[in-house]
2 protein chains.
Amino acid sequence: MNSNIKLLLAEDEPSLGQIVKESLETRNFEVFHALNGEEALEIYLSKNPEVLVLDVMMPKKDGFTLAKEIREKNPTIPIIFLTAKSQTKDVIEGFQHGGNDYLKKPFSMEELIIRIHSLLDRIHLKKSFEKIVIGNFIFNYEKQKLYFNDQIDILTHRESELLFYLTEKRNKILDRTFILNKLWGNDDFFNARSMDVFISKLRKKLKKDTSVEIINVRGFGYKLIC
Amino acid sequence: MNSNIKLLLAEDEPSLGQIVKESLETRNFEVFHALNGEEALEIYLSKNPEVLVLDVMMPKKDGFTLAKEIREKNPTIPIIFLTAKSQTKDVIEGFQHGGNDYLKKPFSMEELIIRIHSLLDRIHLKKSFEKIVIGNFIFNYEKQKLYFNDQIDILTHRESELLFYLTEKRNKILDRTFILNKLWGNDDFFNARSMDVFISKLRKKLKKDTSVEIINVRGFGYKLIC
DNA sequence: AACGAGTGTTAACTAGTGTTAACCGACTTA
DNA sequence: TAAGTCGGTTAACACTAGTTAACACTCGTT
């Protein structure tokens with residue numbers, strides 16, 4: 001699932017570093033292990049990792065200083081600090097340097113992995129717009145846009161929602177009352193007629209590709225064929 | 001320093017709850033203690049706390065369900081989950097529900113307080129110093145500046161506030177009435193028209209990156225796509 | 001005190017969106 | 001096949017939002 005996410009681990013205690021490295025590798029991270037702050041910076045520059053796991057206390061350059069330098073180049077990269085037992089003050093300082101999370105030693109691998117994933121998710125979620133393929137169209141639900149070659153059709157919110165539900169059930173029946181309840185709140189007569197209008201509008205916009213059509217199933221709902 | 005921060009504590013075990021409550025009160029938190037999920041929701045709605053500390057396993061409504069409901073109304077409020085010893089799976093679920101942190105029972109008060117403060121700091125930091133990335137723009141809320149490569153656009157206070165709330169909900173709908181109440185104090189007709197003007201101004205400034213746009217959702221609000 | 005720059009509000013006009021109505025056609029059942 | 005129902009299409013309408021410019025207010029400078 002998360003194959004080949006590059007991760008920089010800076011930990012000066014060799015055996016602990018080795019264990020963490022190996023554990024992360026079994027979870028499909030590509031781990032670069034630095035034994036001090038300076039080495040970590042070099043690796044960061046050459047390998048361009050997506051996540052940093054930094055020990056706070058390290059020879060040559062501590063984790064906070066390192067984080068500060070890296071953040072100048074990359075203000076959004078997720079950083080997890082590993083702090084010694086009673087480093088309360090340091091922890092707060094870590095956040096002030098823009099680090100996203102921290103973990104107290106000793107920690108469980110389970111916990112570290114959860115935190116890495118939650119930070120990655122947070123960043124990743126922002127960019128993952130699904131591009132939905134409908135025949136020769138590409139439909140972007142978030143942007144409410146329907147692409148056909150180089151033509152762009154801007155959909156309204158309602159059109160977009162309706163088309164989205166149709167694509168979710170593509171080639172199967174999408175229930176009338178389901179849509180009505182979901183988009184209009186209830187399935188009374190007037191909303192039903194309103195929906196018909198939107199189906200009509202979508203059909204007009206989908207006409208450019210004749211292999212795509214919205215078929216009515218009398219009494220039940222609609223089927224998007226594509 | 002942090003005098004009078006309102007905190008909602010939901011913990012069904014009365015004696016544990018009491019101890020935590022008292023400890024937090026000595027640290028200048030104003031603590032509202034709920035004994036189950038439903039009571040917690042009521043308190044949330046009436047007291048409007050700034051931080052939530054939620055036990056996961058509670059009668060009537062569990063912590064995750066509760067958090068989900070509250071996040072619908074307030075997407076940014078910091079939440080700390082208290083989880084039983086070996087609830088690893090639940091923890092993951094907790095993050096998926098948008099909770100910001102968790103703590104395994106038994107926990108030290110020290111640790112809880114650090115986490116509360118660090119979450120509060122994080123929000124504070126974000127508002128004051130963090131560089132917010134919007135497509136190819138970098139937005140500094142405190143400086144009210146919008147950077148695009150080497151161009152700098154100076155935003156007014158209103159523009160900056162509005163853009164900040166949009167970025168907090170990026171790719172989701174930001175409620176019209178929420179902004180109006182938050183920035184203008186009430187959602188009457190004239191303020192609504194005023195807001196439209198600011199949306200228009202922001203759109204003009206965000207035009208430099210075509211992948212960024214503010215989409216209207218008729219009757220509900222706006223979505224910042226980036 | 002007068003001025004001007006900057007900011008936010010109000011107003012006027014324009015554009016877009018969703019609902020309702022009217023009319024029509026297609027399918028179902030008796 | 002006639003009656004009844006359901007859905008299709010188009011256009012009118014009401015309402016919401018977008019845009020631009022004028023206006024009013026604040027604040028610092030002269």
# chains A, B, ... in the order shown; residues from 1 in each chain; ligands from 1
>>> select_by_dssp(residues="region 19-96 of chain B", states="alpha helix (DSSP H)", output="PyMOL selection string")
chain B and resi 19-26+37-47+63-73+88-96
>>> interface_residues(of="chain C", to="chain A", cutoff="12 Å", atoms="only C-alpha atoms (C1' of nucleotides)", output="VMD selection string")
chain C and resid 16 to 21 26 to 28
>>> interface_residues(of="chain A", to="chain D", cutoff="12 Å", atoms="only C-alpha atoms (C1' of nucleotides)", output="list in words")
Arg176, Phe189, Ala192, Arg193, Ser194, Met195, Asp196, Val197, Phe198, Ile199, Ser200, Lys201, Arg203, Lys204, Ile215, Asn216, Val217, Arg218, Gly219, Phe220, Gly221 and Tyr222 of chain A
>>> atom_distance(atom1="CA of Asp188 (chain B)", atom2="CA of Asp175 (chain B)")
14.4 Å
>>> residues_around(residues="region 26-42 of chain A", least_positions_apart="4", cutoff="10 Å", atoms="only C-alpha atoms (C1' of nucleotides)", output="ChimeraX atom specification")
/A:1-14,17-18,20-22,46-49,51-67,69-70,113
>>> atom_distance(atom1="CA of Lys143 (chain A)", atom2="CA of Leu155 (chain A)")
8.7 Å
>>> residues_around(residues="Ser211 (chain A)", least_positions_apart="6", cutoff="9 Å", atoms="only C-alpha atoms (C1' of nucleotides)", output="VMD selection string")
chain A and resid 135 to 136 225 to 226
>>> atom_distance(atom1="CA of Phe139 (chain B)", atom2="CA of Lys131 (chain A)")
27.1 Å
>>> closest_residue(among="B:Glu159, B:Glu168, B:Asp209, B:Glu50", to="chain A", atoms="only C-alpha atoms")
B:Glu168
>>> closest_residue(among="B:Met109, B:Leu206, B:Leu163, B:Leu119", to="chain A", atoms="only C-alpha atoms")
B:Leu119
>>> closest_residue(among="A:Leu183, A:Pro106, A:Ala84, A:Lys208", to="Leu146 (chain A)", atoms="only C-alpha atoms")
A:Lys208
>>> closest_residue(among="B:Thr210, B:Asn171, B:Asn149, B:Asn181", to="chain A", atoms="only C-alpha atoms")
B:Asn171
>>> closest_residue(among="A:Ser23, A:Glu142, A:Leu112, A:Phe148", to="chain B", atoms="only C-alpha atoms")
A:Glu142
>>> select_by_dssp(residues="region 13-180 of chain A", states="strand (DSSP E or B)", output="VMD selection string")
chain A and resid 29 to 34 51 to 55 79 to 83 101 to 104 131 to 134 137 to 140 145 to 148 151 to 154 173 to 175
>>> write_last_selection(atoms="N, CA and C atoms", output="compact mmCIF listing (two decimals), in the first residue's frame")
# COMPACT_ATOMS: atom_id res chain seq x y z
N PHE A 29 8.78 0.95 4.01
CA PHE A 29 9.45 2.25 3.91
C PHE A 29 10.86 2.02 3.40
N GLU A 30 11.34 3.00 2.64
CA GLU A 30 12.75 2.95 2.23
C GLU A 30 13.49 3.84 3.23
N VAL A 31 14.25 3.20 4.13
CA VAL A 31 14.81 3.93 5.27
C VAL A 31 16.27 4.29 5.05
N PHE A 32 16.61 5.58 5.25
CA PHE A 32 18.00 6.00 5.27
C PHE A 32 18.36 6.33 6.70
N HIS A 33 19.38 5.66 7.20
CA HIS A 33 19.71 5.79 8.61
C HIS A 33 20.97 6.64 8.78
N ALA A 34 20.81 7.78 9.46
CA ALA A 34 21.96 8.64 9.75
C ALA A 34 22.32 8.50 11.22
N VAL A 51 9.56 11.84 4.78
CA VAL A 51 9.28 11.96 6.21
C VAL A 51 10.60 11.93 6.97
N LEU A 52 10.66 12.65 8.08
CA LEU A 52 11.85 12.63 8.92
C LEU A 52 11.51 12.10 10.31
N VAL A 53 12.34 11.19 10.81
CA VAL A 53 12.24 10.75 12.20
C VAL A 53 13.57 11.09 12.85
N LEU A 54 13.56 12.09 13.72
CA LEU A 54 14.82 12.63 14.23
C LEU A 54 14.95 12.47 15.74
N ASP A 55 16.04 11.86 16.15
CA ASP A 55 16.37 11.87 17.57
C ASP A 55 16.74 13.31 17.94
N ILE A 79 7.77 15.89 10.35
CA ILE A 79 8.91 15.54 11.20
C ILE A 79 8.40 14.93 12.50
N ILE A 80 9.00 13.81 12.87
CA ILE A 80 8.70 13.22 14.18
C ILE A 80 9.98 13.23 15.00
N PHE A 81 9.91 13.84 16.18
CA PHE A 81 11.08 13.86 17.06
C PHE A 81 11.02 12.70 18.04
N LEU A 82 12.18 12.11 18.27
CA LEU A 82 12.29 11.10 19.32
C LEU A 82 12.99 11.75 20.51
N THR A 83 12.31 11.79 21.64
CA THR A 83 12.87 12.51 22.78
C THR A 83 13.13 11.57 23.94
N ASP A 101 5.29 16.27 15.20
CA ASP A 101 4.91 15.33 16.25
C ASP A 101 6.15 14.90 17.02
N TYR A 102 5.94 14.22 18.12
CA TYR A 102 7.08 13.73 18.86
C TYR A 102 6.69 12.41 19.54
N LEU A 103 7.70 11.70 19.97
CA LEU A 103 7.48 10.40 20.58
C LEU A 103 8.51 10.26 21.69
N LYS A 104 8.01 9.84 22.86
CA LYS A 104 8.95 9.68 23.98
C LYS A 104 9.58 8.31 23.96
N LYS A 131 -9.73 11.29 -10.11
CA LYS A 131 -10.22 11.59 -11.44
C LYS A 131 -11.04 10.40 -11.89
N ILE A 132 -12.31 10.67 -12.05
CA ILE A 132 -13.22 9.58 -12.38
C ILE A 132 -13.39 9.52 -13.88
N VAL A 133 -13.17 8.32 -14.43
CA VAL A 133 -13.28 8.15 -15.87
C VAL A 133 -14.70 7.70 -16.22
N ILE A 134 -15.32 8.42 -17.12
CA ILE A 134 -16.65 8.05 -17.62
C ILE A 134 -16.55 8.04 -19.13
N PHE A 137 -14.89 10.81 -21.03
CA PHE A 137 -14.85 11.96 -20.14
C PHE A 137 -13.93 11.68 -18.95
N ILE A 138 -13.42 12.75 -18.39
CA ILE A 138 -12.80 12.64 -17.07
C ILE A 138 -13.54 13.60 -16.15
N PHE A 139 -13.99 13.07 -15.05
CA PHE A 139 -14.84 13.84 -14.14
C PHE A 139 -14.09 14.07 -12.84
N ASN A 140 -13.96 15.34 -12.48
CA ASN A 140 -13.35 15.69 -11.20
C ASN A 140 -14.43 16.22 -10.28
N LYS A 145 -15.83 19.56 -12.33
CA LYS A 145 -15.53 19.76 -13.74
C LYS A 145 -15.57 18.46 -14.51
N LEU A 146 -16.01 18.58 -15.74
CA LEU A 146 -16.11 17.44 -16.63
C LEU A 146 -15.27 17.72 -17.86
N TYR A 147 -14.21 16.92 -18.04
CA TYR A 147 -13.29 17.14 -19.14
C TYR A 147 -13.62 16.20 -20.29
N PHE A 148 -13.61 16.74 -21.50
CA PHE A 148 -13.77 15.90 -22.69
C PHE A 148 -12.71 16.38 -23.67
N GLN A 151 -11.93 20.07 -23.94
CA GLN A 151 -13.07 20.89 -23.52
C GLN A 151 -13.35 20.68 -22.03
N ILE A 152 -13.69 21.78 -21.38
CA ILE A 152 -14.02 21.67 -19.96
C ILE A 152 -15.44 22.16 -19.73
N ASP A 153 -16.23 21.32 -19.09
CA ASP A 153 -17.59 21.69 -18.75
C ASP A 153 -17.62 21.92 -17.23
N ILE A 154 -18.03 23.10 -16.82
CA ILE A 154 -18.11 23.36 -15.38
C ILE A 154 -19.50 22.98 -14.89
N ILE A 173 -28.25 0.00 -11.00
CA ILE A 173 -29.33 0.95 -10.77
C ILE A 173 -29.05 1.81 -9.54
N LEU A 174 -29.15 3.12 -9.74
CA LEU A 174 -29.07 4.05 -8.62
C LEU A 174 -30.50 4.42 -8.24
N ASP A 175 -30.84 4.14 -7.02
CA ASP A 175 -32.22 4.28 -6.56
C ASP A 175 -32.68 5.74 -6.51
